[in-house]
Each structure stands twice: as C-alpha cells, then as structure tokens.
Amino acid sequence: MSANEVISYEGIEQLSLDAFVRPSYLNYAMYVIKDRALPFIGDGFKPVQRRIVYAMSELGLRATAKHKKSARTVGDVLGKFHPHGDSACYEAMVLMAQDFSYRYPLIDGQGNWGSNASPKEFAAMRYTEARLSAYADVFLTELSMGTADWVPNFDGTLSEPRMLPARLPNVILNGATGIAVGMATDIPPHNLNEIVDACVSLIDAPRSSIEDICQYIQGPDFPTAAEIITPREEIIKNYRTGQGMIRMRATYEIENGDIIITSLPYQVSSARVIEQVACQMREKKLSMVSDIRDLSDQDDPTRLMIMPRSNRVDKEALISHLFATTDLEKSHKINMTVIGLNRKPQTLGLLEILKQWLKYRRQTIVRRLEFRLNKINERLHILAGLLVAYLNLDEVIRIIRESDEPKPVLMKKFDLTDTQTEAILQIRLRQLAKLEEIKIKNEKHELEKEKEWIEKTLESNQRLKTLMKKELREDAQKYGDDRKTLIVERKEAQAIREVELTPVEPVTVVLSSGGWVRAAKGHEIDPTNLNYKAGDEFLSAARGKTIYPAIFIDTRGRSYSLPSHNLPTARGQGEPLTGKLTPSNGARFLAVLMGPPDRRVLLASDAGYGFVTEISNLVTKNTKGKAMLSVGGDSEPLPPIYVNDYETDYLVAITTEGHMLVIPLKVLPELPKGKGNKIIQIPPARLRKREEYVKLMALIPEGAAIKIHAGRQSVRFTAGNISAFVGERGRRGKKLPRGFRKADRIEIIDEFD
C-alpha cells in the first residue's frame, strides 16, 4: 500500500499514519517558522511584536499620549489580531519595554517591568501601564501612506498590515531571538549610528565588502553595556557567515579594596552571578572571598560588591578566576536567521541583511512617493474643476438654480468629470469669496511643484539614493546614541587551580577493607583505632596535605584519584568509594597514597615485576581509573612503597616460599605505566598455580637495617649479614633461615638501634 492510498471500510475513510502526519507536521512547522518565531527582515518583527505595535497605535497610545493599562493593550491584541495566550503576549510586550533587553525599546512603561537582576519578576498586566516609545514612530509614520500590504485578521472582520514600513533596519538594531521547528535565530543588537553610517556607505558603494562595512560597525552593541573581548577578525568572520559566537565580559572597578561589578554580559542577571559565587564559597572553592553583596538601585542598575578576605588577596587573579568560572564572562551565540524578502527563512551575513533591508526600504519609499503622486493628481484634478467653476461662477449658479439635475448639465456645459462636478456641487456659499479662489490657485501651484519633484525623484536613481540617505541621517540624529558595549582586547581568563584555592592543612586519608574512605585532620590520628562498620577493618592510610589528591590502587593495577579536601570527615565511618569511583568488574581497592606530584613510588606485582614512577603519573580525573601496573592471570599489585632515594635505596623482596632477594632500586626503570622489569625469579608453573608469589616487599634506606617477623619470632639483618641475599635483578634469591620462611612483616630499623 502506498503512503497516500486511501482505503474505505463501510463508509469510513482511512489514511496511513505517515500520510496523515507528514503534511500536518510540515504545515505546523512552516507556521511556526514564518508566523511566530522568526523576524521579517523588513521591519525586524515577529508577528506578535508587529501586532502589539499596531494595536497600540490604533488605541492612540503614541509617545505623546497618556499611558494606559497593559491589560487594555493585551486585550485588543488578542481580540483583534493575535488569538494566542495572554501571558505569552504580555511577556513579548514586557521584553519590548525592558531597556536591558531591547537596545531601543519600543514601549514606554510605567510600573514594575522587571529589572536586570530579575527580568522575569514583572508586575501583572492589570498593574502596569504602557504607551509606545518615540522609537516606535519609525514603524508608524508611513503606515497610512500606501506603504503596507493589508490582510484580513484571523476572523476576517478587520484588516492588519502584513509588514510595517520601517524607516530603520530594526532587525539588526534590536536583534532577535527565537526557536522555530528545526531552526533558530540569535541576532545581536547594534548601535543605530554605526548601522546608519554603514547603510549610507552601502548606498553609495553597493559593491562594498564586509571589511568595508566593518569600518563603520565595530561589533554588536548590547543594552547592558559590558565588554566584547572577541578579536576583531573573529567578529568579521561571524558577520561574513551570519553564525558564530561573541564573548562578553563584565566591567569592574576596585573601590576601597573591594571589587565592584558595574555591568554584566547580555541576558545575565546579577542574581545568577551571586548564586554562582555563593556556591563556590559554600564548597570552600573561593576561600579568598568573604562576602558578595548586591548594591544595585535605580541610579546604579548593576552594582555587585565582591569583598576579598584580606588586602593580600591578588584582586586581578581573583576577578580572572570569577570570569572563568561564573557568568561574569559569557558567550553569546550569533545565528542571523530571518524571513527574507522572498518570504523564505534563510541565514544571512550582515552585508546581505543590510542589502536586503535597503532594497526593502527603497521599495517602501517608491510606494510612498507613488501613493502621494496619485493623491496629488487626484487633488489637482479636483482643483482644475473648481477653477472652472470660479471662472464661470455666474453661469454655474444659474444652472444650479434652474436645473432639476444640475450635475449632467454642468458636466456637459464645461466638459467636467463626475468627480470634478461633485466637488463643485459641494462648494458652500462662504467659499465663493475671491479669497478662496486665490487659495485654490496657491494650492494648485504648490501641488504642481511637489508633483514635479516626486516625478523627478522616481525617474532618477541618484535622487532616490539621496532621499534614502537624507531620511536615514535624520532618523539617526533623532534616535541615535553613543555605543554602550566597548570592544577591547583582554587576556584570557584563568581559573585559579583548585590546589591554590584549598587551605593547606595536614590530613590523613583512611581506607577500609570494604572500600570505605574518610579523611581526618592532622597526622596524629591512629587509623587502626577508628570505628569501622561491622565486618569491616582498617586496610590502608596515607598522610599528606589537603592540596594533594588521594590516590587509590585497585587489584587490577588501575589508579584513581579524588581531591582529599572533599572526602568525608573521619568523625563518621566515611563513604563507599564506589559512590565516587567506578572500579573494573571484580576489582577491589588495595591501597591509598598521597604526596607531592614529583615524589617517586615503587609499583610492583606479586608476580615479581615492578617499576618506579612519580605520583603525578597516577593522578586521573576519570572515575573509571587509569591503567598503571599491568598484572596478568591471578596476580595482584602489592601496596605501593614510597621511595626515599632512588640512587641509594635497596629493594628487598620475599616470596611465600621464603626466597629473599636484595637488589639496588636504581636497577629498576622509571616508567609512566606498564608491567616493569623482573625483580625476583619465580618458576612460572608455580606462579601460574599460585603455589608461590611475592608476599613482602620493602625499601631499605642507606644505613638502615631490617627486621623480618614470622609470627612472634623475628630476625635482624644488618648491612653486614644481609649481603648474602644481595644479588642481580631477576635472580631466585636465597632462602631465609628455617622458621622465617613464612615471614609476614618487614620492619625497617636504624642500624644503630
């Protein structure tokens, strides 16, 4: 069955889901794209914005009128032109009134219309009052001059303009944001004076490049000021393609040792910044800040005070950290998608947007002039008839007095048209004075001069260009202002490393056999005396500082790391490591270690292989760990051992069968990861069956001795009698004396004790 095939069962038509949904969804998508979410390049409006401006003008709410309740406007918009939700309509109206949302607001409001700190916290429409701003006249002054196409409203009872005759390129001045189906738009606002200068230049030189235009347009100009730190080359690239990113940064001052934020990036609220800074303070990631306060008021819409903990705090480093970690620095997306003059959605570069708008503006001016020319011709036609009447006034009066139907008689007698004759018959007696004849002649003269000027303008491309430039400059003089957003070069913001933000304190990290971890302040604590869960016990502990990460090794030779200052306190029983880390299947945590990044440790397996590495090689942000020590079969890593001196330390290894070998540590390689080199020989068959493997391993510092424990017995080896066990790496070693071949602990002691 084809997708569009219609089948009938007992008089009921059936249609496949694909055939029904596809056209329905496409129709909906096109409606959202063209009639809701994307602005038209001509007036820069979405339908709801256009209807709000038009409805307010119909209510007489121009810039010189008194304010009226917003509910009145919303009611007219919904009832006459825009049959959608009142909250959505009112929110669109609010945005048009917020001077921190629109670069050139279209509505002048009274009451609570929100603030930069809380743009969504505006009063209900029954409380606020509004009228159009002076800038809205840009769209309305030519509306009655034949410049707009009129279409029926949603119920066919009224007419509304399809587009408004904008005198300025509002689509790029106020910008636009919107999400349609399958596409979106993010057009940043710009400075009116810069855009007008670029348009005038483009009128004179239509073949200008984007680089030529950017001599006038520095970049976007946002209503919240702040700074643009995007390089100029990247800004030009964004303008060329119509897509990209603009990086914005807040501005600040140093006042009495405090950092004062004076402006924020576009669409960033001060409440959001305060929340982000406070969150870092709660998590002890911003110990150099004592407080943050919002001192914003009507005179200073943005004034955030960040108070350093002391005068010794590097304020430049602190504000750089805040730029990198909060919305004090933020990227604003550029995606200049509009409904073009061909009524199709398209993504355009800045140059093409200005060219299309200038084409729209030229069409509007031509329509206005042609409309005016028609009106002039109609009026001149009537004036010509009136002058005929004044020249033959006695005869006209006689015909009117004596004829039952004077109209056809007058038309025939003086060769007049129906319109001229009707105008003559409408003359009042008081208008028969000589003065009225003079007024008509003067009016006719002025209209003929205006007609001549219009005809010359319409016939001359240069005159049209001159008129366009003149009107653009007049509007720039009336509505233009200075740039708010500065474009500057700044260094890239650098976040202060977490290590530098963390207080340096001694800490002991304790790991239990069950994989529970906790951290105790100081190094005096005895981890074996801590309270453990039932069935759990002490396994490993590491002493270090809070600036060092806690590193964990599992039975598959993988390393994991966590910030030690974020571990749970030792007052409780800790938390399971599996809640923070994800060890491989069947693996269990074996040991914990800490230390400076350049400190060496020995990593070895009970198969008799090992190598030396630095602690920095074990650190990883991956919760699944990092492969460090390669172990095969049933072999497992031995607990890591800190290296005192790589050149002078000796390594002692003891197997489960009592074979002991002592070798210089320096014969083992330094590796970032791997299996390492063979330390002691174990017959492969015995190792494979786990009949013999390395049980103990220790490092002997220069001048030290060892004591080997086997149950309650112990034997001491000094530098003199241990030499019998010293051999080459990878050898079998020598057996320990009887009674000590099941050794369970190696103790390092001073030789002179």
# chains A, B, ... in the order shown; residues from 1 in each chain; ligands from 1
$ residues_around --residues "A:Val273" --least-positions-apart "6" --cutoff "12 Å" --atoms "only C-alpha atoms" --output "JSON, numbers by chain"
{"A": [116, 117, 118, 250, 261, 263, 264, 265, 267, 279, 280, 292, 293, 294, 302, 303, 304, 305, 306, 322, 323, 325, 326, 327, 328, 329, 330]}
$ write_last_selection --atoms "N, CA and C atoms" --output "PDB file, in the first residue's frame"
ATOM      1  N   ASN A 116      17.185  44.080  35.723  1.00  0.00           N
ATOM      2  CA  ASN A 116      18.270  43.241  35.225  1.00  0.00           C
ATOM      3  C   ASN A 116      18.579  42.104  36.182  1.00  0.00           C
ATOM      4  N   ALA A 117      18.361  42.342  37.479  1.00  0.00           N
ATOM      5  CA  ALA A 117      18.603  41.292  38.468  1.00  0.00           C
ATOM      6  C   ALA A 117      17.553  40.193  38.389  1.00  0.00           C
ATOM      7  N   SER A 118      16.318  40.568  38.066  1.00  0.00           N
ATOM      8  CA  SER A 118      15.225  39.583  37.985  1.00  0.00           C
ATOM      9  C   SER A 118      14.285  39.982  36.851  1.00  0.00           C
ATOM     10  N   ALA A 250      32.028  41.146  31.978  1.00  0.00           N
ATOM     11  CA  ALA A 250      31.558  42.230  32.841  1.00  0.00           C
ATOM     12  C   ALA A 250      32.669  43.258  33.050  1.00  0.00           C
ATOM     13  N   ILE A 261      31.406  45.258  40.508  1.00  0.00           N
ATOM     14  CA  ILE A 261      30.959  44.913  39.159  1.00  0.00           C
ATOM     15  C   ILE A 261      29.954  45.969  38.716  1.00  0.00           C
ATOM     16  N   SER A 263      28.802  46.386  35.279  1.00  0.00           N
ATOM     17  CA  SER A 263      27.926  45.961  34.185  1.00  0.00           C
ATOM     18  C   SER A 263      28.101  44.468  33.964  1.00  0.00           C
ATOM     19  N   LEU A 264      27.065  43.844  33.422  1.00  0.00           N
ATOM     20  CA  LEU A 264      27.052  42.394  33.225  1.00  0.00           C
ATOM     21  C   LEU A 264      26.842  42.071  31.749  1.00  0.00           C
ATOM     22  N   PRO A 265      27.287  40.901  31.309  1.00  0.00           N
ATOM     23  CA  PRO A 265      27.010  40.492  29.924  1.00  0.00           C
ATOM     24  C   PRO A 265      25.515  40.425  29.649  1.00  0.00           C
ATOM     25  N   GLN A 267      21.858  39.445  28.995  1.00  0.00           N
ATOM     26  CA  GLN A 267      20.977  38.378  29.470  1.00  0.00           C
ATOM     27  C   GLN A 267      21.567  37.593  30.639  1.00  0.00           C
ATOM     28  N   CYS A 279      27.867  29.689  45.746  1.00  0.00           N
ATOM     29  CA  CYS A 279      28.032  28.232  45.659  1.00  0.00           C
ATOM     30  C   CYS A 279      29.503  27.857  45.816  1.00  0.00           C
ATOM     31  N   GLN A 280      30.394  28.608  45.165  1.00  0.00           N
ATOM     32  CA  GLN A 280      31.823  28.329  45.320  1.00  0.00           C
ATOM     33  C   GLN A 280      32.288  28.584  46.746  1.00  0.00           C
ATOM     34  N   ILE A 292      29.721  38.632  49.163  1.00  0.00           N
ATOM     35  CA  ILE A 292      29.292  39.280  47.920  1.00  0.00           C
ATOM     36  C   ILE A 292      27.933  39.912  48.175  1.00  0.00           C
ATOM     37  N   ARG A 293      27.762  41.153  47.747  1.00  0.00           N
ATOM     38  CA  ARG A 293      26.532  41.898  48.028  1.00  0.00           C
ATOM     39  C   ARG A 293      26.016  42.559  46.755  1.00  0.00           C
ATOM     40  N   ASP A 294      24.701  42.668  46.669  1.00  0.00           N
ATOM     41  CA  ASP A 294      24.046  43.351  45.550  1.00  0.00           C
ATOM     42  C   ASP A 294      23.633  44.738  46.013  1.00  0.00           C
ATOM     43  N   THR A 302      23.323  48.083  37.953  1.00  0.00           N
ATOM     44  CA  THR A 302      24.202  46.944  38.231  1.00  0.00           C
ATOM     45  C   THR A 302      25.347  47.415  39.115  1.00  0.00           C
ATOM     46  N   ARG A 303      25.379  46.887  40.329  1.00  0.00           N
ATOM     47  CA  ARG A 303      26.463  47.209  41.261  1.00  0.00           C
ATOM     48  C   ARG A 303      26.612  46.045  42.249  1.00  0.00           C
ATOM     49  N   LEU A 304      27.503  45.143  41.926  1.00  0.00           N
ATOM     50  CA  LEU A 304      27.774  43.994  42.795  1.00  0.00           C
ATOM     51  C   LEU A 304      29.117  44.207  43.481  1.00  0.00           C
ATOM     52  N   MET A 305      29.131  44.027  44.800  1.00  0.00           N
ATOM     53  CA  MET A 305      30.359  44.206  45.558  1.00  0.00           C
ATOM     54  C   MET A 305      30.897  42.839  45.978  1.00  0.00           C
ATOM     55  N   ILE A 306      32.122  42.533  45.543  1.00  0.00           N
ATOM     56  CA  ILE A 306      32.804  41.304  45.938  1.00  0.00           C
ATOM     57  C   ILE A 306      33.906  41.702  46.911  1.00  0.00           C
ATOM     58  N   LEU A 322      36.938  34.493  38.584  1.00  0.00           N
ATOM     59  CA  LEU A 322      35.481  34.639  38.511  1.00  0.00           C
ATOM     60  C   LEU A 322      35.012  34.745  37.060  1.00  0.00           C
ATOM     61  N   PHE A 323      35.792  35.402  36.221  1.00  0.00           N
ATOM     62  CA  PHE A 323      35.450  35.441  34.798  1.00  0.00           C
ATOM     63  C   PHE A 323      35.418  34.029  34.214  1.00  0.00           C
ATOM     64  N   THR A 325      34.915  31.144  35.806  1.00  0.00           N
ATOM     65  CA  THR A 325      34.055  30.148  36.462  1.00  0.00           C
ATOM     66  C   THR A 325      32.617  30.600  36.669  1.00  0.00           C
ATOM     67  N   THR A 326      32.295  31.847  36.343  1.00  0.00           N
ATOM     68  CA  THR A 326      30.918  32.327  36.517  1.00  0.00           C
ATOM     69  C   THR A 326      30.454  33.012  35.234  1.00  0.00           C
ATOM     70  N   ASP A 327      29.211  33.483  35.256  1.00  0.00           N
ATOM     71  CA  ASP A 327      28.642  34.169  34.090  1.00  0.00           C
ATOM     72  C   ASP A 327      29.094  35.621  33.978  1.00  0.00           C
ATOM     73  N   LEU A 328      30.098  36.023  34.779  1.00  0.00           N
ATOM     74  CA  LEU A 328      30.676  37.352  34.569  1.00  0.00           C
ATOM     75  C   LEU A 328      31.351  37.429  33.208  1.00  0.00           C
ATOM     76  N   GLU A 329      31.686  36.288  32.658  1.00  0.00           N
ATOM     77  CA  GLU A 329      32.126  36.205  31.266  1.00  0.00           C
ATOM     78  C   GLU A 329      31.301  35.128  30.593  1.00  0.00           C
ATOM     79  N   LYS A 330      30.683  35.480  29.466  1.00  0.00           N
ATOM     80  CA  LYS A 330      29.756  34.550  28.827  1.00  0.00           C
ATOM     81  C   LYS A 330      29.771  34.744  27.317  1.00  0.00           C
TER      82      LYS A 330
END
$ select_by_dssp --residues "stretch 199-296 of chain A" --states "strand (DSSP E)" --output "list in words"
Glu227, Ile228, Gln243, Gly244, Met245, Ile246, Arg247, Met248, Arg249, Thr251, Tyr252, Glu253, Ile254, Glu255, Asp258, Ile259, Ile260, Ile261, Thr262, Ser263, Val289, Ser290, Asp291, Ile292, Arg293 and Asp294 of chain A
$ closest_atom_pairs --of "stretch 585-608 of chain A" --to "stretch 627-639 of chain A" --cutoff "6 Å" --atoms "only C-alpha atoms" --output "JSON lines"
{"residue": "A:Ala591", "atom": "CA", "partner": "A:Pro639", "partner_atom": "CA", "distance": 5.9}
{"residue": "A:Ala604", "atom": "CA", "partner": "A:Leu638", "partner_atom": "CA", "distance": 5.7}
{"residue": "A:Ser605", "atom": "CA", "partner": "A:Pro637", "partner_atom": "CA", "distance": 4.0}
{"residue": "A:Asp606", "atom": "CA", "partner": "A:Glu636", "partner_atom": "CA", "distance": 5.9}
{"residue": "A:Ala607", "atom": "CA", "partner": "A:Ser635", "partner_atom": "CA", "distance": 5.9}
$ write_last_selection --atoms "C-alpha atoms" --output "JSON list (two decimals), in the first residue's frame"
[["chain", "number", "residue", "atom", "x", "y", "z"],
["A", 591, "ALA", "CA", 45.79, 0.89, 49.00],
["A", 604, "ALA", "CA", 55.18, -3.89, 41.93],
["A", 605, "SER", "CA", 53.06, -7.01, 41.48],
["A", 606, "ASP", "CA", 53.20, -10.29, 43.40],
["A", 607, "ALA", "CA", 54.38, -11.87, 40.14]]
